[in-house]
$ cat my_file-v2.cif   # mmCIF, C-alpha atoms
data_structure
#
loop_
_atom_site.label_atom_id
_atom_site.label_comp_id
_atom_site.auth_asym_id
_atom_site.auth_seq_id
_atom_site.Cartn_x
_atom_site.Cartn_y
_atom_site.Cartn_z
CA MET A 975 -80.68 -35.28 103.03
CA GLY A 976 -80.64 -33.12 99.89
CA ARG A 977 -79.95 -30.01 101.92
CA ASP A 978 -76.50 -31.36 102.78
CA LEU A 979 -75.42 -31.06 99.14
CA ARG A 980 -72.52 -28.78 98.29
CA ILE A 981 -71.95 -27.58 94.75
CA VAL A 982 -70.64 -24.43 93.07
CA LEU A 983 -71.53 -22.86 89.72
CA LYS A 984 -69.28 -20.14 88.29
CA GLY A 985 -69.68 -18.11 85.13
CA ARG A 986 -70.86 -14.75 83.83
CA GLY A 987 -72.91 -13.04 86.48
CA GLY A 988 -70.79 -14.27 89.38
CA ALA A 989 -70.91 -17.51 91.31
CA MET A 990 -73.58 -19.52 93.12
CA ARG A 991 -72.58 -21.70 96.05
CA LEU A 992 -75.06 -24.22 97.40
CA GLU A 993 -74.09 -25.28 100.91
CA SER A 994 -75.33 -25.29 104.51
CA GLY A 995 -78.99 -25.00 103.50
CA GLU A 996 -78.57 -21.80 101.51
CA VAL A 997 -77.36 -20.37 98.22
CA ARG A 998 -74.67 -17.73 98.31
CA VAL A 999 -74.53 -15.54 95.23
CA VAL A 1000 -71.21 -13.74 94.85
CA ARG A 1001 -70.79 -10.84 92.45
CA GLY A 1002 -67.57 -8.96 92.86
CA ARG A 1003 -67.45 -7.49 96.34
CA VAL A 1004 -71.10 -8.19 97.19
CA THR A 1005 -72.52 -11.48 98.52
CA TRP A 1006 -76.19 -12.40 98.88
CA ARG A 1007 -77.05 -15.24 101.29
CA ILE A 1008 -80.35 -16.78 100.23
CA PRO A 1009 -81.96 -19.48 102.43
CA LEU A 1010 -83.61 -22.26 100.47
CA ARG A 1011 -87.04 -21.32 101.84
CA ALA A 1012 -86.61 -17.83 100.34
CA ILE A 1013 -86.25 -19.14 96.77
CA GLY A 1014 -89.46 -18.83 94.81
CA VAL A 1015 -88.53 -20.17 91.37
CA VAL A 1016 -85.50 -21.91 89.88
CA GLU A 1017 -85.27 -21.34 86.13
CA SER A 1018 -82.76 -23.18 83.98
CA ASP A 1019 -82.53 -24.65 80.51
CA GLY A 1020 -80.09 -27.23 81.91
CA ARG A 1021 -77.39 -26.15 79.47
CA THR A 1022 -76.28 -22.53 79.76
CA SER A 1023 -77.85 -20.65 82.68
CA VAL A 1024 -79.48 -20.77 86.10
CA ARG A 1025 -81.75 -18.04 87.44
CA LEU A 1026 -83.12 -17.76 90.98
CA ARG A 1027 -86.19 -15.64 91.69
CA ILE A 1028 -87.12 -14.56 95.20
CA SER A 1029 -90.85 -14.70 95.92
CA GLY A 1030 -92.22 -11.26 96.63
CA ASP A 1031 -89.43 -9.48 94.76
CA THR A 1032 -91.03 -7.97 91.67
CA THR A 1033 -88.48 -5.22 91.06
CA GLY A 1034 -85.61 -7.19 89.56
CA ASP A 1035 -84.66 -10.13 87.41
CA GLY A 1036 -83.44 -12.24 90.30
CA PHE A 1037 -79.98 -13.78 90.42
CA TYR A 1038 -78.49 -15.56 87.41
CA VAL A 1039 -75.27 -17.15 86.27
CA THR A 1040 -74.53 -18.20 82.70
CA SER A 1041 -71.87 -20.74 81.79
CA GLY A 1042 -70.62 -22.56 78.75
CA ASN A 1043 -70.28 -25.73 80.80
CA SER A 1044 -73.56 -27.59 80.41
CA ASN A 1045 -72.48 -30.31 82.85
CA ALA A 1046 -71.87 -27.73 85.60
CA VAL A 1047 -75.20 -26.00 84.91
CA GLY A 1048 -77.14 -29.28 84.91
CA ALA A 1049 -75.44 -30.58 88.06
CA PHE A 1050 -76.06 -27.34 89.96
CA THR A 1051 -79.72 -27.14 88.87
CA GLU A 1052 -80.41 -30.75 89.80
CA GLY A 1053 -78.59 -30.39 93.10
CA LEU A 1054 -80.51 -27.24 94.00
CA ARG A 1055 -83.85 -28.82 93.16
CA ARG A 1056 -83.01 -31.87 95.26
CA ALA A 1057 -81.96 -29.63 98.14
CA MET A 1058 -85.27 -27.77 97.96
CA GLU A 1059 -87.39 -30.90 98.21
CA GLY A 1060 -89.48 -30.72 101.38
CA VAL A 1061 -88.49 -27.12 102.13
CA THR A 1062 -91.42 -25.10 103.47
CA PRO A 1063 -91.51 -21.57 102.03
CA VAL A 1064 -92.35 -18.50 104.11
CA ALA A 1065 -94.61 -15.60 103.21
CA ASP A 1066 -92.04 -12.79 103.24
CA ARG A 1067 -89.13 -14.42 101.51
CA ALA A 1068 -87.35 -11.24 100.42
CA ALA A 1069 -86.75 -10.30 104.06
CA LEU A 1070 -84.69 -13.48 104.55
CA VAL A 1071 -82.08 -12.52 101.96
CA ASP A 1072 -78.96 -11.16 103.63
CA THR A 1073 -76.63 -8.86 101.70
CA GLY A 1074 -73.06 -8.18 102.74
CA ALA A 1075 -69.54 -7.55 101.55
CA THR A 1076 -67.64 -10.48 100.08
CA PRO A 1077 -64.82 -11.38 102.49
CA ARG A 1078 -61.45 -10.96 100.90
CA ALA A 1079 -59.11 -13.89 101.04
CA PRO A 1080 -55.80 -13.03 102.72
CA LEU A 1081 -52.92 -12.62 100.33
CA ALA A 1082 -50.69 -15.67 100.49
CA LEU A 1083 -46.98 -15.07 100.12
CA ASN A 1084 -45.56 -17.36 97.47
CA THR A 1085 -42.26 -18.22 99.10
CA ARG A 1086 -41.03 -20.15 96.06
CA ALA A 1087 -41.63 -17.15 93.81
CA VAL A 1088 -39.82 -14.93 96.32
CA ARG A 1089 -36.82 -17.27 96.40
CA VAL A 1090 -36.69 -17.44 92.61
CA SER A 1091 -36.93 -13.64 92.34
CA VAL A 1092 -34.17 -13.16 94.91
CA GLY A 1093 -32.00 -15.69 93.10
CA VAL A 1094 -32.49 -14.04 89.70
CA CYS A 1095 -31.79 -10.58 91.12
CA GLY A 1096 -28.68 -11.88 92.87
CA TYR A 1097 -27.50 -13.55 89.67
CA LEU A 1098 -27.98 -10.36 87.66
CA LEU A 1099 -26.15 -8.34 90.32
CA VAL A 1100 -23.16 -10.71 90.23
CA LEU A 1101 -23.05 -10.51 86.44
CA PHE A 1102 -23.13 -6.71 86.61
CA LEU A 1103 -20.21 -6.69 89.04
CA LEU A 1104 -18.25 -9.17 86.90
CA SER A 1105 -18.84 -7.12 83.75
CA ALA A 1106 -17.13 -4.20 85.50
CA VAL A 1107 -13.80 -6.08 85.51
CA VAL A 1108 -13.92 -7.15 81.85
CA GLU A 1109 -10.97 -5.60 80.03
CA ASP A 1110 -10.43 -7.54 76.80
CA PRO A 1111 -12.41 -9.62 74.24
CA GLU A 1112 -11.25 -12.95 75.71
CA GLN A 1113 -12.69 -12.08 79.09
CA GLY A 1114 -15.90 -10.90 77.40
CA SER A 1115 -16.21 -14.20 75.55
CA TRP A 1116 -15.82 -16.25 78.72
CA LEU A 1117 -18.28 -14.02 80.55
CA GLY A 1118 -20.83 -14.39 77.73
CA ALA A 1119 -20.47 -18.19 77.87
CA THR A 1120 -20.94 -18.08 81.62
CA VAL A 1121 -24.06 -15.94 81.37
CA PHE A 1122 -25.59 -18.35 78.86
CA LEU A 1123 -24.53 -21.73 80.28
CA LEU A 1124 -24.57 -21.23 84.06
CA PRO A 1125 -28.41 -21.17 84.34
CA PHE A 1126 -28.64 -24.38 82.28
CA GLY A 1127 -26.02 -26.07 84.45
CA THR A 1128 -27.81 -24.96 87.61
CA GLY A 1129 -31.09 -26.31 86.21
CA LEU A 1130 -29.53 -29.70 85.49
CA LEU A 1131 -28.10 -29.82 89.01
CA TRP A 1132 -31.57 -29.14 90.41
CA LEU A 1133 -33.11 -31.87 88.22
CA ALA A 1134 -30.43 -34.34 89.32
CA TRP A 1135 -31.11 -33.59 92.99
CA ARG A 1136 -34.89 -33.41 92.77
CA PHE A 1137 -35.58 -36.55 90.70
CA PHE A 1138 -32.56 -38.79 91.29
CA LEU A 1139 -30.44 -37.99 94.33
CA ARG A 1140 -32.75 -36.49 96.97
CA ASP A 1141 -34.88 -39.51 97.87
CA PRO A 1142 -32.00 -42.03 98.09
CA TRP A 1143 -30.03 -39.55 100.21
CA ILE A 1144 -32.95 -38.97 102.59
CA LEU A 1145 -33.69 -42.70 102.83
CA ARG A 1146 -30.05 -43.43 103.61
CA ARG A 1147 -30.09 -40.88 106.45
CA ARG A 1148 -33.43 -41.65 108.11
CA GLY A 1149 -35.05 -44.56 106.28
CA VAL A 1150 -36.39 -47.68 108.02
CA THR A 1151 -35.97 -51.02 106.26
CA VAL A 1152 -38.60 -53.77 106.42
CA PRO A 1153 -39.35 -56.89 104.33
CA GLY A 1154 -41.66 -56.28 101.39
CA GLU A 1155 -42.53 -57.33 97.88
CA ILE A 1156 -42.86 -55.94 94.37
CA VAL A 1157 -46.48 -56.34 93.27
CA ASP A 1158 -46.36 -54.45 89.97
CA TYR A 1159 -44.42 -51.99 87.82
CA ARG A 1160 -45.42 -48.52 86.62
CA THR A 1161 -43.80 -47.51 83.35
CA SER A 1162 -43.19 -44.05 81.94
CA ALA A 1163 -45.09 -42.75 78.93
CA LYS A 1164 -42.23 -43.71 76.60
CA GLN A 1165 -41.46 -47.00 78.42
CA GLN A 1166 -37.94 -45.73 79.17
CA ALA A 1167 -38.02 -46.28 82.94
CA MET A 1168 -40.03 -48.22 85.48
CA ASN A 1169 -41.07 -47.64 89.07
CA PRO A 1170 -41.78 -50.77 91.13
CA VAL A 1171 -45.02 -50.84 93.11
CA LEU A 1172 -44.07 -51.93 96.62
CA ARG A 1173 -46.20 -53.52 99.32
CA PHE A 1174 -44.81 -53.56 102.83
CA THR A 1175 -45.78 -53.31 106.49
CA THR A 1176 -44.30 -50.39 108.38
CA ALA A 1177 -42.72 -50.69 111.80
CA ASP A 1178 -46.00 -49.32 113.20
CA GLY A 1179 -47.96 -52.22 111.68
CA ALA A 1180 -49.60 -50.33 108.79
CA THR A 1181 -49.74 -52.10 105.42
CA VAL A 1182 -48.72 -49.75 102.60
CA THR A 1183 -48.81 -50.14 98.83
CA GLN A 1184 -46.64 -47.43 97.31
CA VAL A 1185 -44.97 -46.67 94.00
CA SER A 1186 -41.22 -46.53 94.52
CA SER A 1187 -39.65 -43.10 94.20
CA VAL A 1188 -36.61 -44.80 92.64
CA THR A 1189 -36.70 -45.90 89.00
CA VAL A 1190 -35.29 -49.14 87.62
CA LEU A 1191 -34.31 -50.17 84.12
CA MET A 1192 -35.08 -53.91 84.39
CA ARG A 1193 -37.76 -55.97 86.09
CA SER A 1194 -36.57 -58.12 88.96
CA ARG A 1195 -37.35 -61.84 88.94
CA ASN A 1196 -37.30 -61.90 92.72
CA ARG A 1197 -40.46 -60.17 93.96
CA ALA A 1198 -39.36 -60.30 97.61
CA VAL A 1199 -37.29 -57.21 98.46
CA ASP A 1200 -36.18 -55.21 101.47
CA VAL A 1201 -38.08 -51.92 101.36
CA THR A 1202 -36.60 -48.75 102.85
CA TYR A 1203 -39.16 -46.06 103.59
CA ASP A 1204 -39.20 -42.63 105.23
CA PRO A 1205 -41.22 -42.76 108.50
CA HIS A 1206 -42.10 -39.07 108.07
CA HIS A 1207 -43.29 -39.57 104.48
CA PRO A 1208 -44.20 -43.23 103.74
CA ASP A 1209 -44.78 -42.28 100.08
CA ARG A 1210 -41.00 -41.99 99.82
CA ALA A 1211 -39.78 -45.58 99.53
CA ARG A 1212 -37.50 -47.81 97.51
CA GLY A 1213 -36.96 -51.54 97.24
CA GLY A 1214 -33.56 -53.09 96.59
CA ARG A 1215 -30.59 -51.28 95.15
CA ALA A 1216 -30.73 -47.98 93.29
CA PHE A 1217 -27.53 -48.29 91.27
CA ALA A 1218 -28.94 -47.26 87.87
CA HIS A 1219 -31.05 -44.50 89.43
CA MET A 1220 -28.09 -43.03 91.33
CA THR A 1221 -25.75 -43.39 88.35
CA MET A 1222 -28.13 -41.39 86.18
CA GLY A 1223 -28.34 -38.74 88.89
CA PHE A 1224 -24.57 -38.44 89.23
CA VAL A 1225 -24.06 -38.27 85.46
CA LEU A 1226 -26.67 -35.51 85.18
CA ALA A 1227 -25.14 -33.66 88.13
CA LEU A 1228 -21.61 -33.88 86.71
CA PHE A 1229 -22.82 -32.67 83.32
CA GLY A 1230 -24.67 -29.76 84.92
CA ALA A 1231 -21.67 -28.84 87.08
CA GLY A 1232 -19.37 -28.93 84.06
CA LEU A 1233 -21.77 -26.91 81.96
CA GLY A 1234 -21.97 -24.19 84.58
CA LEU A 1235 -18.50 -24.18 86.12
CA VAL A 1236 -16.16 -24.64 83.12
CA PRO A 1237 -16.97 -21.29 81.46
CA PHE A 1238 -16.95 -19.55 84.85
CA ILE A 1239 -13.51 -20.98 85.69
CA GLY A 1240 -12.33 -19.95 82.23
CA PHE A 1241 -13.58 -16.42 82.88
CA LEU A 1242 -11.74 -16.24 86.23
CA ALA A 1243 -8.56 -17.58 84.60
CA ALA A 1244 -8.79 -14.91 81.88
CA VAL A 1245 -9.31 -12.16 84.47
CA LEU A 1246 -6.40 -13.36 86.63
CA GLY A 1247 -4.16 -13.83 83.59
CA ILE A 1248 -3.69 -17.56 84.12
CA ARG A 1249 -2.75 -19.40 80.95
#

$ encode --input "my_file-v2.cif" --output "structure tokens"
Amino acid sequence: MGRDLRIVLKGRGGAMRLESGEVRVVRGRVTWRIPLRAIGVVESDGRTSVRLRISGDTTGDGFYVTSGNSNAVGAFTEGLRRAMEGVTPVADRAALVDTGATPRAPLALNTRAVRVSVGVCGYLLVLFLLSAVVEDPEQGSWLGATVFLLPFGTGLLWLAWRFFLRDPWILRRRGVTVPGEIVDYRTSAKQQAMNPVLRFTTADGATVTQVSSVTVLMRSRNRAVDVTYDPHHPDRARGGRAFAHMTMGFVLALFGAGLGLVPFIGFLAAVLGIR
């Protein structure tokens, strides 16, 4: 039973991975696969380091990993010793150790980072093109205000969509409404907003208890509510009206739009000579 344990210890000297009845020691681009029956001695002070010695190998110091995390060291040592209980060693243990290259993980393309980079580069390119048409100080002032305020306005628009407007809009388009109840409330750290905890049965017959993705400002006396949930993502749900939530989203969106668009419109008016 102990040989089914899986635990990893990382630190100076590489990493030790206990799984599938063996210990894999990874150091840079080299990996040693050590079956449990090839381990001669496990040395550890239970606080800072673990050292494995292979029986029959008298030429080296074995494999070791040191860490400042005493909990990780103790857990790995105890887990390894439990895994080795009842393991029958073999005479030539060194021959069982397999050495190979550490497989490299494929590079994952961070699409969000790519989109952000493309957006920033596009924004800088537009600003460069706009600066080419600046002819007087008034136009320069409006352009400077645009450069400074447009990113803040765009950020506020994103916050309004992400935290206030997206879920109600999605639920209105594809949400399914069923009877439910409010069983509790989750409050923010500063007690400024609350999210009802909803319990409802989906159209498929599954009972779900889910924190509403829509905030409220006041507790409802009536615990029975109609719950609208997204069949594709049941964690997206709301109970009752979302007037305060939507109002906050629209106010934030209008403020962000004004913050970004007013200086830009002023810049265009200055360039076109509109007074």

$ residues_around --input "my_file-v2.cif" --residues "Ile981 of chain A" --least-positions-apart "4" --cutoff "8 Å" --atoms "all atoms listed in the file" --output "ChimeraX atom specification"
/A:991-993,1050,1053

$ write_last_selection --input "my_file-v2.cif" --atoms "C-alpha atoms" --output "compact mmCIF listing (two decimals), in the frame of the given file"
# COMPACT_ATOMS: atom_id res chain seq x y z
CA ARG A 991 -72.58 -21.70 96.05
CA LEU A 992 -75.06 -24.22 97.40
CA GLU A 993 -74.09 -25.28 100.91
CA PHE A 1050 -76.06 -27.34 89.96
CA GLY A 1053 -78.59 -30.39 93.10

$ residues_around --input "my_file-v2.cif" --residues "Trp1132 of chain A" --least-positions-apart "6" --cutoff "10 Å" --atoms "all atoms listed in the file" --output "mmCIF file with C-alpha atoms, in the frame of the given file"
data_model
loop_
_atom_site.group_PDB
_atom_site.id
_atom_site.type_symbol
_atom_site.label_atom_id
_atom_site.label_comp_id
_atom_site.auth_asym_id
_atom_site.auth_seq_id
_atom_site.Cartn_x
_atom_site.Cartn_y
_atom_site.Cartn_z
ATOM 1 C CA PHE A 1126 -28.640 -24.380 82.280
ATOM 2 C CA PHE A 1138 -32.560 -38.790 91.290
ATOM 3 C CA LEU A 1139 -30.440 -37.990 94.330
ATOM 4 C CA ARG A 1140 -32.750 -36.490 96.970
ATOM 5 C CA LEU A 1226 -26.670 -35.510 85.180
ATOM 6 C CA ALA A 1227 -25.140 -33.660 88.130
ATOM 7 C CA GLY A 1230 -24.670 -29.760 84.920
#

$ closest_residue --input "my_file-v2.cif" --among "A:Ala1231, A:Leu1098, A:Met990, A:Val1024" --to "Leu1131 of chain A" --atoms "all atoms listed in the file"
A:Ala1231

$ atom_distance --input "my_file-v2.cif" --atom1 "atom CA of Pro1009 of chain A" --atom2 "atom CA of Val1061 of chain A"
10.1 Å

$ atom_distance --input "my_file-v2.cif" --atom1 "atom CA of Val1015 of chain A" --atom2 "atom CA of Tyr1038 of chain A"
11.7 Å
